[in-house]
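J.: Sharing data-v6.json here; it has JSON, N, CA and C atoms.
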```
[["chain", "number", "residue", "atom", "x", "y", "z"],
["J", 1, "MET", "N", -22.90, -13.97, -25.13],
["J", 1, "MET", "CA", -21.81, -13.94, -26.10],
["J", 1, "MET", "C", -20.51, -13.62, -25.39],
["J", 2, "SER", "N", -19.50, -14.40, -25.64],
["J", 2, "SER", "CA", -18.21, -14.23, -24.99],
["J", 2, "SER", "C", -17.38, -13.18, -25.71],
["J", 3, "GLU", "N", -16.81, -12.25, -24.93],
["J", 3, "GLU", "CA", -15.94, -11.23, -25.52],
["J", 3, "GLU", "C", -14.50, -11.71, -25.58],
["J", 4, "ILE", "N", -14.13, -12.62, -24.71],
["J", 4, "ILE", "CA", -12.77, -13.16, -24.65],
["J", 4, "ILE", "C", -12.79, -14.57, -25.23],
["J", 5, "SER", "N", -11.91, -14.81, -26.18],
["J", 5, "SER", "CA", -11.86, -16.14, -26.78],
["J", 5, "SER", "C", -10.68, -16.94, -26.21],
["J", 6, "GLU", "N", -10.77, -18.24, -26.37],
["J", 6, "GLU", "CA", -9.68, -19.10, -25.91],
["J", 6, "GLU", "C", -8.40, -18.80, -26.69],
["J", 7, "GLU", "N", -8.55, -18.42, -27.95],
["J", 7, "GLU", "CA", -7.37, -18.08, -28.75],
["J", 7, "GLU", "C", -6.68, -16.84, -28.19],
["J", 8, "GLN", "N", -7.47, -15.86, -27.74],
["J", 8, "GLN", "CA", -6.88, -14.65, -27.14],
["J", 8, "GLN", "C", -6.15, -14.99, -25.85],
["J", 9, "VAL", "N", -6.75, -15.83, -25.03],
["J", 9, "VAL", "CA", -6.10, -16.22, -23.77],
["J", 9, "VAL", "C", -4.81, -16.98, -24.06],
["J", 10, "ALA", "N", -4.83, -17.89, -25.02],
["J", 10, "ALA", "CA", -3.63, -18.64, -25.39],
["J", 10, "ALA", "C", -2.56, -17.71, -25.94],
["J", 11, "HIS", "N", -2.97, -16.72, -26.73],
["J", 11, "HIS", "CA", -2.03, -15.75, -27.28],
["J", 11, "HIS", "C", -1.38, -14.93, -26.16],
["J", 12, "LEU", "N", -2.20, -14.44, -25.23],
["J", 12, "LEU", "CA", -1.67, -13.65, -24.11],
["J", 12, "LEU", "C", -0.75, -14.49, -23.23],
["J", 13, "ALA", "N", -1.10, -15.73, -23.01],
["J", 13, "ALA", "CA", -0.25, -16.63, -22.23],
["J", 13, "ALA", "C", 1.09, -16.81, -22.93],
["J", 14, "GLY", "N", 1.07, -16.93, -24.24],
["J", 14, "GLY", "CA", 2.31, -17.04, -24.99],
["J", 14, "GLY", "C", 3.17, -15.80, -24.88],
["J", 15, "LEU", "N", 2.53, -14.64, -24.98],
["J", 15, "LEU", "CA", 3.27, -13.38, -24.83],
["J", 15, "LEU", "C", 3.90, -13.25, -23.45],
["J", 16, "ALA", "N", 3.18, -13.72, -22.43],
["J", 16, "ALA", "CA", 3.68, -13.66, -21.06],
["J", 16, "ALA", "C", 4.59, -14.82, -20.72],
["J", 17, "ARG", "N", 4.76, -15.74, -21.69],
["J", 17, "ARG", "CA", 5.60, -16.93, -21.51],
["J", 17, "ARG", "C", 5.10, -17.78, -20.33],
["J", 18, "ILE", "N", 3.78, -17.95, -20.29],
["J", 18, "ILE", "CA", 3.14, -18.78, -19.28],
["J", 18, "ILE", "C", 2.58, -20.02, -19.97],
["J", 19, "ALA", "N", 3.02, -21.18, -19.54],
["J", 19, "ALA", "CA", 2.53, -22.43, -20.12],
["J", 19, "ALA", "C", 1.20, -22.78, -19.47],
["J", 20, "LEU", "N", 0.15, -22.86, -20.28],
["J", 20, "LEU", "CA", -1.18, -23.19, -19.77],
["J", 20, "LEU", "C", -1.69, -24.45, -20.46],
["J", 21, "THR", "N", -2.38, -25.26, -19.68],
["J", 21, "THR", "CA", -3.03, -26.44, -20.26],
["J", 21, "THR", "C", -4.34, -26.00, -20.91],
["J", 22, "ALA", "N", -4.93, -26.88, -21.68],
["J", 22, "ALA", "CA", -6.21, -26.58, -22.34],
["J", 22, "ALA", "C", -7.29, -26.30, -21.29],
["J", 23, "GLU", "N", -7.26, -27.03, -20.17],
["J", 23, "GLU", "CA", -8.25, -26.81, -19.11],
["J", 23, "GLU", "C", -8.06, -25.44, -18.47],
["J", 24, "GLU", "N", -6.80, -25.04, -18.27],
["J", 24, "GLU", "CA", -6.53, -23.73, -17.68],
["J", 24, "GLU", "C", -6.96, -22.61, -18.62],
["J", 25, "ILE", "N", -6.73, -22.79, -19.91],
["J", 25, "ILE", "CA", -7.16, -21.79, -20.89],
["J", 25, "ILE", "C", -8.68, -21.64, -20.87],
["J", 26, "THR", "N", -9.39, -22.76, -20.81],
["J", 26, "THR", "CA", -10.85, -22.72, -20.75],
["J", 26, "THR", "C", -11.33, -22.01, -19.49],
["J", 27, "ALA", "N", -10.72, -22.34, -18.36],
["J", 27, "ALA", "CA", -11.12, -21.72, -17.08],
["J", 27, "ALA", "C", -10.81, -20.23, -17.09],
["J", 28, "LEU", "N", -9.63, -19.85, -17.57],
["J", 28, "LEU", "CA", -9.26, -18.44, -17.60],
["J", 28, "LEU", "C", -10.13, -17.65, -18.58],
["J", 29, "THR", "N", -10.51, -18.27, -19.68],
["J", 29, "THR", "CA", -11.39, -17.61, -20.64],
["J", 29, "THR", "C", -12.70, -17.24, -19.97],
["J", 30, "SER", "N", -13.27, -18.15, -19.23],
["J", 30, "SER", "CA", -14.52, -17.90, -18.53],
["J", 30, "SER", "C", -14.35, -16.81, -17.48],
["J", 31, "GLU", "N", -13.26, -16.88, -16.70],
["J", 31, "GLU", "CA", -13.03, -15.90, -15.64],
["J", 31, "GLU", "C", -12.79, -14.51, -16.22],
["J", 32, "LEU", "N", -11.97, -14.43, -17.25],
["J", 32, "LEU", "CA", -11.68, -13.13, -17.85],
["J", 32, "LEU", "C", -12.92, -12.54, -18.51],
["J", 33, "ASP", "N", -13.75, -13.38, -19.11],
["J", 33, "ASP", "CA", -14.99, -12.90, -19.71],
["J", 33, "ASP", "C", -15.92, -12.33, -18.64],
["J", 34, "GLN", "N", -15.95, -12.98, -17.49],
["J", 34, "GLN", "CA", -16.78, -12.50, -16.39],
["J", 34, "GLN", "C", -16.26, -11.15, -15.87],
["J", 35, "ILE", "N", -14.95, -11.00, -15.82],
["J", 35, "ILE", "CA", -14.36, -9.73, -15.38],
["J", 35, "ILE", "C", -14.72, -8.61, -16.36],
["J", 36, "VAL", "N", -14.58, -8.89, -17.65],
["J", 36, "VAL", "CA", -14.92, -7.89, -18.67],
["J", 36, "VAL", "C", -16.39, -7.52, -18.58],
["J", 37, "SER", "N", -17.26, -8.49, -18.36],
["J", 37, "SER", "CA", -18.70, -8.20, -18.22],
["J", 37, "SER", "C", -18.98, -7.34, -17.00],
["J", 38, "SER", "N", -18.30, -7.62, -15.91],
["J", 38, "SER", "CA", -18.49, -6.82, -14.69],
["J", 38, "SER", "C", -18.04, -5.39, -14.90],
["J", 39, "ILE", "N", -16.95, -5.20, -15.59],
["J", 39, "ILE", "CA", -16.47, -3.85, -15.87],
["J", 39, "ILE", "C", -17.47, -3.12, -16.77],
["J", 40, "ALA", "N", -18.05, -3.82, -17.73],
["J", 40, "ALA", "CA", -19.04, -3.21, -18.63],
["J", 40, "ALA", "C", -20.26, -2.75, -17.83],
["J", 41, "LYS", "N", -20.68, -3.53, -16.82],
["J", 41, "LYS", "CA", -21.83, -3.14, -16.00],
["J", 41, "LYS", "C", -21.52, -1.86, -15.22],
["J", 42, "VAL", "N", -20.32, -1.75, -14.70],
["J", 42, "VAL", "CA", -19.93, -0.55, -13.96],
["J", 42, "VAL", "C", -19.92, 0.66, -14.89],
["J", 43, "GLN", "N", -19.43, 0.47, -16.10],
["J", 43, "GLN", "CA", -19.40, 1.57, -17.06],
["J", 43, "GLN", "C", -20.80, 2.02, -17.45],
["J", 44, "GLU", "N", -21.78, 1.13, -17.40],
["J", 44, "GLU", "CA", -23.16, 1.50, -17.73],
["J", 44, "GLU", "C", -23.73, 2.48, -16.72],
["J", 45, "VAL", "N", -23.42, 2.30, -15.45],
["J", 45, "VAL", "CA", -23.99, 3.17, -14.42],
["J", 45, "VAL", "C", -23.17, 4.42, -14.18],
["J", 46, "ALA", "N", -21.91, 4.42, -14.57],
["J", 46, "ALA", "CA", -21.09, 5.61, -14.39],
["J", 46, "ALA", "C", -21.57, 6.69, -15.35],
["J", 47, "THR", "N", -21.83, 7.87, -14.81],
["J", 47, "THR", "CA", -22.31, 8.98, -15.64],
["J", 47, "THR", "C", -21.34, 10.14, -15.56],
["J", 48, "ASP", "N", -21.44, 11.01, -16.53],
["J", 48, "ASP", "CA", -20.54, 12.16, -16.58],
["J", 48, "ASP", "C", -20.79, 13.17, -15.47],
["J", 49, "ASP", "N", -22.01, 13.19, -14.92],
["J", 49, "ASP", "CA", -22.32, 14.17, -13.88],
["J", 49, "ASP", "C", -21.91, 13.71, -12.48],
["J", 50, "VAL", "N", -21.33, 12.52, -12.36],
["J", 50, "VAL", "CA", -20.86, 12.03, -11.06],
["J", 50, "VAL", "C", -19.35, 12.24, -11.00],
["J", 51, "PRO", "N", -18.90, 13.08, -10.06],
["J", 51, "PRO", "CA", -17.46, 13.35, -10.00],
["J", 51, "PRO", "C", -16.68, 12.11, -9.56],
["J", 52, "ALA", "N", -15.49, 11.96, -10.08],
["J", 52, "ALA", "CA", -14.62, 10.85, -9.69],
["J", 52, "ALA", "C", -14.18, 11.06, -8.25],
["J", 53, "THR", "N", -14.14, 9.99, -7.49],
["J", 53, "THR", "CA", -13.71, 10.08, -6.10],
["J", 53, "THR", "C", -12.65, 9.02, -5.82],
["J", 54, "SER", "N", -11.77, 9.34, -4.89],
["J", 54, "SER", "CA", -10.77, 8.35, -4.49],
["J", 54, "SER", "C", -11.09, 7.82, -3.10],
["J", 55, "HIS", "N", -12.05, 8.45, -2.42],
["J", 55, "HIS", "CA", -12.40, 8.04, -1.07],
["J", 55, "HIS", "C", -13.86, 8.40, -0.84],
["J", 56, "PRO", "N", -14.63, 7.53, -0.18],
["J", 56, "PRO", "CA", -16.05, 7.81, 0.00],
["J", 56, "PRO", "C", -16.35, 8.94, 0.98],
["J", 57, "ILE", "N", -15.41, 9.25, 1.83],
["J", 57, "ILE", "CA", -15.62, 10.30, 2.83],
["J", 57, "ILE", "C", -14.65, 11.44, 2.53],
["J", 58, "PRO", "N", -15.11, 12.68, 2.49],
["J", 58, "PRO", "CA", -14.19, 13.79, 2.23],
["J", 58, "PRO", "C", -13.10, 13.85, 3.31],
["J", 59, "LEU", "N", -11.88, 13.97, 2.86],
["J", 59, "LEU", "CA", -10.76, 14.04, 3.78],
["J", 59, "LEU", "C", -10.25, 15.47, 3.87],
["J", 60, "GLN", "N", -9.67, 15.79, 5.00],
["J", 60, "GLN", "CA", -9.08, 17.11, 5.16],
["J", 60, "GLN", "C", -7.77, 16.98, 5.92],
["J", 61, "ASN", "N", -6.94, 17.97, 5.80],
["J", 61, "ASN", "CA", -5.66, 17.97, 6.47],
["J", 61, "ASN", "C", -5.90, 18.06, 7.98],
["J", 62, "VAL", "N", -5.36, 17.12, 8.74],
["J", 62, "VAL", "CA", -5.58, 17.12, 10.18],
["J", 62, "VAL", "C", -4.33, 17.56, 10.94],
["J", 63, "TYR", "N", -3.33, 18.04, 10.22],
["J", 63, "TYR", "CA", -2.12, 18.51, 10.88],
["J", 63, "TYR", "C", -2.36, 19.87, 11.52],
["J", 64, "ARG", "N", -1.66, 20.10, 12.58],
["J", 64, "ARG", "CA", -1.73, 21.41, 13.22],
["J", 64, "ARG", "C", -0.42, 22.14, 12.93],
["J", 65, "PRO", "N", -0.41, 23.44, 13.04],
["J", 65, "PRO", "CA", 0.84, 24.17, 12.79],
["J", 65, "PRO", "C", 1.87, 23.85, 13.88],
["J", 66, "ASP", "N", 3.13, 23.82, 13.49],
["J", 66, "ASP", "CA", 4.20, 23.61, 14.47],
["J", 66, "ASP", "C", 4.30, 24.82, 15.38],
["J", 67, "GLU", "N", 4.37, 24.55, 16.67],
["J", 67, "GLU", "CA", 4.52, 25.62, 17.64],
["J", 67, "GLU", "C", 5.61, 25.23, 18.61],
["J", 68, "VAL", "N", 6.47, 26.18, 18.92],
["J", 68, "VAL", "CA", 7.54, 25.93, 19.88],
["J", 68, "VAL", "C", 6.92, 25.86, 21.26],
["J", 69, "GLY", "N", 7.27, 24.80, 21.99],
["J", 69, "GLY", "CA", 6.73, 24.64, 23.34],
["J", 69, "GLY", "C", 7.85, 24.36, 24.33],
["J", 70, "ASP", "N", 7.46, 24.04, 25.53],
["J", 70, "ASP", "CA", 8.45, 23.73, 26.56],
["J", 70, "ASP", "C", 9.12, 22.40, 26.22],
["J", 71, "THR", "N", 10.42, 22.34, 26.41],
["J", 71, "THR", "CA", 11.17, 21.12, 26.16],
["J", 71, "THR", "C", 11.91, 20.73, 27.42],
["J", 72, "LEU", "N", 12.34, 19.47, 27.46],
["J", 72, "LEU", "CA", 13.10, 19.00, 28.61],
["J", 72, "LEU", "C", 14.51, 19.56, 28.58],
["J", 73, "THR", "N", 15.03, 19.82, 29.76],
["J", 73, "THR", "CA", 16.45, 20.18, 29.83],
["J", 73, "THR", "C", 17.24, 18.88, 29.71],
["J", 74, "GLN", "N", 18.54, 19.01, 29.50],
["J", 74, "GLN", "CA", 19.38, 17.83, 29.38],
["J", 74, "GLN", "C", 19.33, 17.02, 30.68],
["J", 75, "LYS", "N", 19.35, 17.70, 31.82],
["J", 75, "LYS", "CA", 19.30, 17.02, 33.12],
["J", 75, "LYS", "C", 17.98, 16.27, 33.28],
["J", 76, "GLN", "N", 16.85, 16.88, 32.89],
["J", 76, "GLN", "CA", 15.55, 16.23, 33.01],
["J", 76, "GLN", "C", 15.46, 15.01, 32.11],
["J", 77, "ALA", "N", 16.04, 15.11, 30.91],
["J", 77, "ALA", "CA", 15.99, 13.99, 29.98],
["J", 77, "ALA", "C", 16.79, 12.81, 30.50],
["J", 78, "LEU", "N", 17.88, 13.06, 31.19],
["J", 78, "LEU", "CA", 18.76, 12.00, 31.67],
["J", 78, "LEU", "C", 18.41, 11.48, 33.07],
["J", 79, "GLN", "N", 17.50, 12.13, 33.77],
["J", 79, "GLN", "CA", 17.28, 11.78, 35.17],
["J", 79, "GLN", "C", 16.79, 10.36, 35.41],
["J", 80, "ASN", "N", 16.05, 9.76, 34.49],
["J", 80, "ASN", "CA", 15.56, 8.39, 34.68],
["J", 80, "ASN", "C", 16.29, 7.38, 33.80],
["J", 81, "ALA", "N", 17.37, 7.82, 33.17],
["J", 81, "ALA", "CA", 18.13, 6.91, 32.31],
["J", 81, "ALA", "C", 18.83, 5.85, 33.15],
["J", 82, "PRO", "N", 18.85, 4.58, 32.69],
["J", 82, "PRO", "CA", 19.55, 3.55, 33.44],
["J", 82, "PRO", "C", 21.04, 3.83, 33.55],
["J", 83, "ASP", "N", 21.62, 4.49, 32.53],
["J", 83, "ASP", "CA", 23.04, 4.81, 32.56],
["J", 83, "ASP", "C", 23.27, 6.03, 31.69],
["J", 84, "ASP", "N", 24.07, 6.97, 32.20],
["J", 84, "ASP", "CA", 24.42, 8.15, 31.41],
["J", 84, "ASP", "C", 25.81, 8.60, 31.83],
["J", 85, "ASP", "N", 26.42, 9.44, 30.98],
["J", 85, "ASP", "CA", 27.75, 9.96, 31.31],
["J", 85, "ASP", "C", 27.70, 11.42, 31.69],
["J", 86, "GLY", "N", 26.53, 11.90, 32.03],
["J", 86, "GLY", "CA", 26.36, 13.29, 32.41],
["J", 86, "GLY", "C", 25.87, 14.15, 31.26],
["J", 87, "GLU", "N", 26.13, 13.72, 30.05],
["J", 87, "GLU", "CA", 25.69, 14.47, 28.88],
["J", 87, "GLU", "C", 24.84, 13.66, 27.92],
["J", 88, "ARG", "N", 25.05, 12.32, 27.92],
["J", 88, "ARG", "CA", 24.36, 11.45, 26.96],
["J", 88, "ARG", "C", 23.92, 10.18, 27.64],
["J", 89, "PHE", "N", 22.97, 9.49, 26.96],
["J", 89, "PHE", "CA", 22.60, 8.14, 27.39],
["J", 89, "PHE", "C", 23.76, 7.21, 27.06],
["J", 90, "VAL", "N", 24.02, 6.24, 27.93],
["J", 90, "VAL", "CA", 25.04, 5.24, 27.67],
["J", 90, "VAL", "C", 24.30, 3.93, 27.39],
["J", 91, "VAL", "N", 24.58, 3.34, 26.22],
["J", 91, "VAL", "CA", 23.96, 2.08, 25.85],
["J", 91, "VAL", "C", 25.04, 1.12, 25.40],
["J", 92, "SER", "N", 24.75, -0.17, 25.50],
["J", 92, "SER", "CA", 25.73, -1.13, 25.06],
["J", 92, "SER", "C", 25.78, -1.17, 23.54],
["J", 93, "ALA", "N", 26.93, -1.50, 23.03],
["J", 93, "ALA", "CA", 27.11, -1.57, 21.57],
["J", 93, "ALA", "C", 26.32, -2.75, 21.02],
["J", 94, "ILE", "N", 25.69, -2.54, 19.88],
["J", 94, "ILE", "CA", 24.97, -3.64, 19.26],
["J", 94, "ILE", "C", 25.67, -4.13, 18.01],
["J", 95, "LEU", "N", 26.63, -3.37, 17.54],
["J", 95, "LEU", "CA", 27.41, -3.74, 16.36],
["J", 95, "LEU", "C", 28.86, -3.87, 16.78],
["J", 96, "GLY", "N", 29.57, -4.76, 16.17],
["J", 96, "GLY", "CA", 31.00, -4.90, 16.48],
["J", 96, "GLY", "C", 31.19, -5.75, 17.70],
["J", 97, "GLU", "N", 32.19, -5.41, 18.49],
["J", 97, "GLU", "CA", 32.56, -6.21, 19.66],
["J", 97, "GLU", "C", 31.51, -6.10, 20.77],
["J", 98, "GLU", "N", 31.28, -7.21, 21.43],
["J", 98, "GLU", "CA", 30.38, -7.23, 22.60],
["J", 98, "GLU", "C", 31.11, -6.64, 23.78],
["J", 99, "GLN", "N", 30.39, -5.96, 24.64],
["J", 99, "GLN", "CA", 31.02, -5.36, 25.82],
["J", 99, "GLN", "C", 30.65, -6.12, 27.06]]
```
When written as C-alpha cells, how does the structure in this file appear?

T.:
Amino acid sequence: MSEISEEQVAHLAGLARIALTAEEITALTSELDQIVSSIAKVQEVATDDVPATSHPIPLQNVYRPDEVGDTLTQKQALQNAPDDDGERFVVSAILGEEQ
C-alpha cells in the first residue's frame, strides 16, 4: 500500500513551484514512497533504551593545555629570510602597483 499519492506529489510540486510531467510525478511518487517505507523500518528497530548517538566512536577532547615555551628571537626568525630590513620580512607588493 502506497503512503504517498500522486496527488500529494503534484500538490507539493505546485507549492514548490516545480513543473513536473506526469511521468516525473509517477517516478517521484514511487521514490518518495520507498523513502517513507525505509524510514518506517528504521523506526521499528529504534528503541527507547538505545541512546541517541552522533558518532559511532566515543570522541574526546584531544587538545592539550597551552604552555609557554621557547620562541625564536627576531634575529633567528629573520636569519633565513630571502630579504629583510633588519626588523621585518621584506616581500613584494601583491596589491596596487607592481614593484

J.: Which polymer residues, protein or nucleic acid, are no farther than 6 Å from (-13.8, -8.9, -22.6), counting only C-alpha atoms, as a PDB file with N, CA and C atoms, in the coordinates of the input?

T.:
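Dumped to out.pdb:
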```pdb
ATOM      1  N   GLU J   3     -16.810 -12.250 -24.930  1.00  0.00           N
ATOM      2  CA  GLU J   3     -15.940 -11.230 -25.520  1.00  0.00           C
ATOM      3  C   GLU J   3     -14.500 -11.710 -25.580  1.00  0.00           C
ATOM      4  N   ILE J   4     -14.130 -12.620 -24.710  1.00  0.00           N
ATOM      5  CA  ILE J   4     -12.770 -13.160 -24.650  1.00  0.00           C
ATOM      6  C   ILE J   4     -12.790 -14.570 -25.230  1.00  0.00           C
ATOM      7  N   ASP J  33     -13.750 -13.380 -19.110  1.00  0.00           N
ATOM      8  CA  ASP J  33     -14.990 -12.900 -19.710  1.00  0.00           C
ATOM      9  C   ASP J  33     -15.920 -12.330 -18.640  1.00  0.00           C
ATOM     10  N   VAL J  36     -14.580  -8.890 -17.650  1.00  0.00           N
ATOM     11  CA  VAL J  36     -14.920  -7.890 -18.670  1.00  0.00           C
ATOM     12  C   VAL J  36     -16.390  -7.520 -18.580  1.00  0.00           C
TER      13      VAL J  36
END
```

J.: To one decimal place in Å, what is the distance between atom CA of J:Val50 and atom CA of J:Ser38?

T.: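 Distance reported for this atom pair: 19.3 Å.
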
J.: Could you give me, as an mmCIF file with N, CA and C atoms, in the coordinates of the input, each residue of chain J that DSSP assigns to alpha helix (DSSP H) when run on this structure's backbone?

T.:
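Final output, saved to states-v1.cif:
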```cif
data_model
loop_
_atom_site.group_PDB
_atom_site.id
_atom_site.type_symbol
_atom_site.label_atom_id
_atom_site.label_comp_id
_atom_site.auth_asym_id
_atom_site.auth_seq_id
_atom_site.Cartn_x
_atom_site.Cartn_y
_atom_site.Cartn_z
ATOM 1 N N GLU J 6 -10.770 -18.240 -26.370
ATOM 2 C CA GLU J 6 -9.680 -19.100 -25.910
ATOM 3 C C GLU J 6 -8.400 -18.800 -26.690
ATOM 4 N N GLU J 7 -8.550 -18.420 -27.950
ATOM 5 C CA GLU J 7 -7.370 -18.080 -28.750
ATOM 6 C C GLU J 7 -6.680 -16.840 -28.190
ATOM 7 N N GLN J 8 -7.470 -15.860 -27.740
ATOM 8 C CA GLN J 8 -6.880 -14.650 -27.140
ATOM 9 C C GLN J 8 -6.150 -14.990 -25.850
ATOM 10 N N VAL J 9 -6.750 -15.830 -25.030
ATOM 11 C CA VAL J 9 -6.100 -16.220 -23.770
ATOM 12 C C VAL J 9 -4.810 -16.980 -24.060
ATOM 13 N N ALA J 10 -4.830 -17.890 -25.020
ATOM 14 C CA ALA J 10 -3.630 -18.640 -25.390
ATOM 15 C C ALA J 10 -2.560 -17.710 -25.940
ATOM 16 N N HIS J 11 -2.970 -16.720 -26.730
ATOM 17 C CA HIS J 11 -2.030 -15.750 -27.280
ATOM 18 C C HIS J 11 -1.380 -14.930 -26.160
ATOM 19 N N LEU J 12 -2.200 -14.440 -25.230
ATOM 20 C CA LEU J 12 -1.670 -13.650 -24.110
ATOM 21 C C LEU J 12 -0.750 -14.490 -23.230
ATOM 22 N N ALA J 13 -1.100 -15.730 -23.010
ATOM 23 C CA ALA J 13 -0.250 -16.630 -22.230
ATOM 24 C C ALA J 13 1.090 -16.810 -22.930
ATOM 25 N N GLY J 14 1.070 -16.930 -24.240
ATOM 26 C CA GLY J 14 2.310 -17.040 -24.990
ATOM 27 C C GLY J 14 3.170 -15.800 -24.880
ATOM 28 N N LEU J 15 2.530 -14.640 -24.980
ATOM 29 C CA LEU J 15 3.270 -13.380 -24.830
ATOM 30 C C LEU J 15 3.900 -13.250 -23.450
ATOM 31 N N ALA J 22 -4.930 -26.880 -21.680
ATOM 32 C CA ALA J 22 -6.210 -26.580 -22.340
ATOM 33 C C ALA J 22 -7.290 -26.300 -21.290
ATOM 34 N N GLU J 23 -7.260 -27.030 -20.170
ATOM 35 C CA GLU J 23 -8.250 -26.810 -19.110
ATOM 36 C C GLU J 23 -8.060 -25.440 -18.470
ATOM 37 N N GLU J 24 -6.800 -25.040 -18.270
ATOM 38 C CA GLU J 24 -6.530 -23.730 -17.680
ATOM 39 C C GLU J 24 -6.960 -22.610 -18.620
ATOM 40 N N ILE J 25 -6.730 -22.790 -19.910
ATOM 41 C CA ILE J 25 -7.160 -21.790 -20.890
ATOM 42 C C ILE J 25 -8.680 -21.640 -20.870
ATOM 43 N N THR J 26 -9.390 -22.760 -20.810
ATOM 44 C CA THR J 26 -10.850 -22.720 -20.750
ATOM 45 C C THR J 26 -11.330 -22.010 -19.490
ATOM 46 N N ALA J 27 -10.720 -22.340 -18.360
ATOM 47 C CA ALA J 27 -11.120 -21.720 -17.080
ATOM 48 C C ALA J 27 -10.810 -20.230 -17.090
ATOM 49 N N LEU J 28 -9.630 -19.850 -17.570
ATOM 50 C CA LEU J 28 -9.260 -18.440 -17.600
ATOM 51 C C LEU J 28 -10.130 -17.650 -18.580
ATOM 52 N N THR J 29 -10.510 -18.270 -19.680
ATOM 53 C CA THR J 29 -11.390 -17.610 -20.640
ATOM 54 C C THR J 29 -12.700 -17.240 -19.970
ATOM 55 N N SER J 30 -13.270 -18.150 -19.230
ATOM 56 C CA SER J 30 -14.520 -17.900 -18.530
ATOM 57 C C SER J 30 -14.350 -16.810 -17.480
ATOM 58 N N GLU J 31 -13.260 -16.880 -16.700
ATOM 59 C CA GLU J 31 -13.030 -15.900 -15.640
ATOM 60 C C GLU J 31 -12.790 -14.510 -16.220
ATOM 61 N N LEU J 32 -11.970 -14.430 -17.250
ATOM 62 C CA LEU J 32 -11.680 -13.130 -17.850
ATOM 63 C C LEU J 32 -12.920 -12.540 -18.510
ATOM 64 N N ASP J 33 -13.750 -13.380 -19.110
ATOM 65 C CA ASP J 33 -14.990 -12.900 -19.710
ATOM 66 C C ASP J 33 -15.920 -12.330 -18.640
ATOM 67 N N GLN J 34 -15.950 -12.980 -17.490
ATOM 68 C CA GLN J 34 -16.780 -12.500 -16.390
ATOM 69 C C GLN J 34 -16.260 -11.150 -15.870
ATOM 70 N N ILE J 35 -14.950 -11.000 -15.820
ATOM 71 C CA ILE J 35 -14.360 -9.730 -15.380
ATOM 72 C C ILE J 35 -14.720 -8.610 -16.360
ATOM 73 N N VAL J 36 -14.580 -8.890 -17.650
ATOM 74 C CA VAL J 36 -14.920 -7.890 -18.670
ATOM 75 C C VAL J 36 -16.390 -7.520 -18.580
ATOM 76 N N SER J 37 -17.260 -8.490 -18.360
ATOM 77 C CA SER J 37 -18.700 -8.200 -18.220
ATOM 78 C C SER J 37 -18.980 -7.340 -17.000
ATOM 79 N N SER J 38 -18.300 -7.620 -15.910
ATOM 80 C CA SER J 38 -18.490 -6.820 -14.690
ATOM 81 C C SER J 38 -18.040 -5.390 -14.900
ATOM 82 N N ILE J 39 -16.950 -5.200 -15.590
ATOM 83 C CA ILE J 39 -16.470 -3.850 -15.870
ATOM 84 C C ILE J 39 -17.470 -3.120 -16.770
ATOM 85 N N ALA J 40 -18.050 -3.820 -17.730
ATOM 86 C CA ALA J 40 -19.040 -3.210 -18.630
ATOM 87 C C ALA J 40 -20.260 -2.750 -17.830
ATOM 88 N N LYS J 41 -20.680 -3.530 -16.820
ATOM 89 C CA LYS J 41 -21.830 -3.140 -16.000
ATOM 90 C C LYS J 41 -21.520 -1.860 -15.220
ATOM 91 N N VAL J 42 -20.320 -1.750 -14.700
ATOM 92 C CA VAL J 42 -19.930 -0.550 -13.960
ATOM 93 C C VAL J 42 -19.920 0.660 -14.890
ATOM 94 N N GLN J 43 -19.430 0.470 -16.100
ATOM 95 C CA GLN J 43 -19.400 1.570 -17.060
ATOM 96 C C GLN J 43 -20.800 2.020 -17.450
ATOM 97 N N GLU J 44 -21.780 1.130 -17.400
ATOM 98 C CA GLU J 44 -23.160 1.500 -17.730
ATOM 99 C C GLU J 44 -23.730 2.480 -16.720
ATOM 100 N N VAL J 45 -23.420 2.300 -15.450
ATOM 101 C CA VAL J 45 -23.990 3.170 -14.420
ATOM 102 C C VAL J 45 -23.170 4.420 -14.180
ATOM 103 N N GLN J 74 18.540 19.010 29.500
ATOM 104 C CA GLN J 74 19.380 17.830 29.380
ATOM 105 C C GLN J 74 19.330 17.020 30.680
ATOM 106 N N LYS J 75 19.350 17.700 31.820
ATOM 107 C CA LYS J 75 19.300 17.020 33.120
ATOM 108 C C LYS J 75 17.980 16.270 33.280
ATOM 109 N N GLN J 76 16.850 16.880 32.890
ATOM 110 C CA GLN J 76 15.550 16.230 33.010
ATOM 111 C C GLN J 76 15.460 15.010 32.110
ATOM 112 N N ALA J 77 16.040 15.110 30.910
ATOM 113 C CA ALA J 77 15.990 13.990 29.980
ATOM 114 C C ALA J 77 16.790 12.810 30.500
ATOM 115 N N LEU J 78 17.880 13.060 31.190
ATOM 116 C CA LEU J 78 18.760 12.000 31.670
ATOM 117 C C LEU J 78 18.410 11.480 33.070
#
```

J.: So that I can see what lies close to J:Lys75, please list as a list in words the residues with an atom at most 12 Å from it, counting only C-alpha atoms and leaving out residues fewer than 2 positions away in the same chain.

T.: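 In the requested format, the answer is Thr71, Leu72, Thr73, Ala77, Leu78, Gln79, Asn80, Ala81, Asp84, Asp85, Gly86, Glu87, Arg88 and Phe89 of chain J.
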
J.: What separation in Å, quoted to one decimal, exists between atom CA of J:Val9 and atom C of J:Ile25?

T.: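 Interatomic distance here is 6.7 Å.
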
J.: Report the distance between atom CA of J:Gln76 and atom N of J:Val91 in Å, rounded to one decimal place.

T.: 17.1 Å
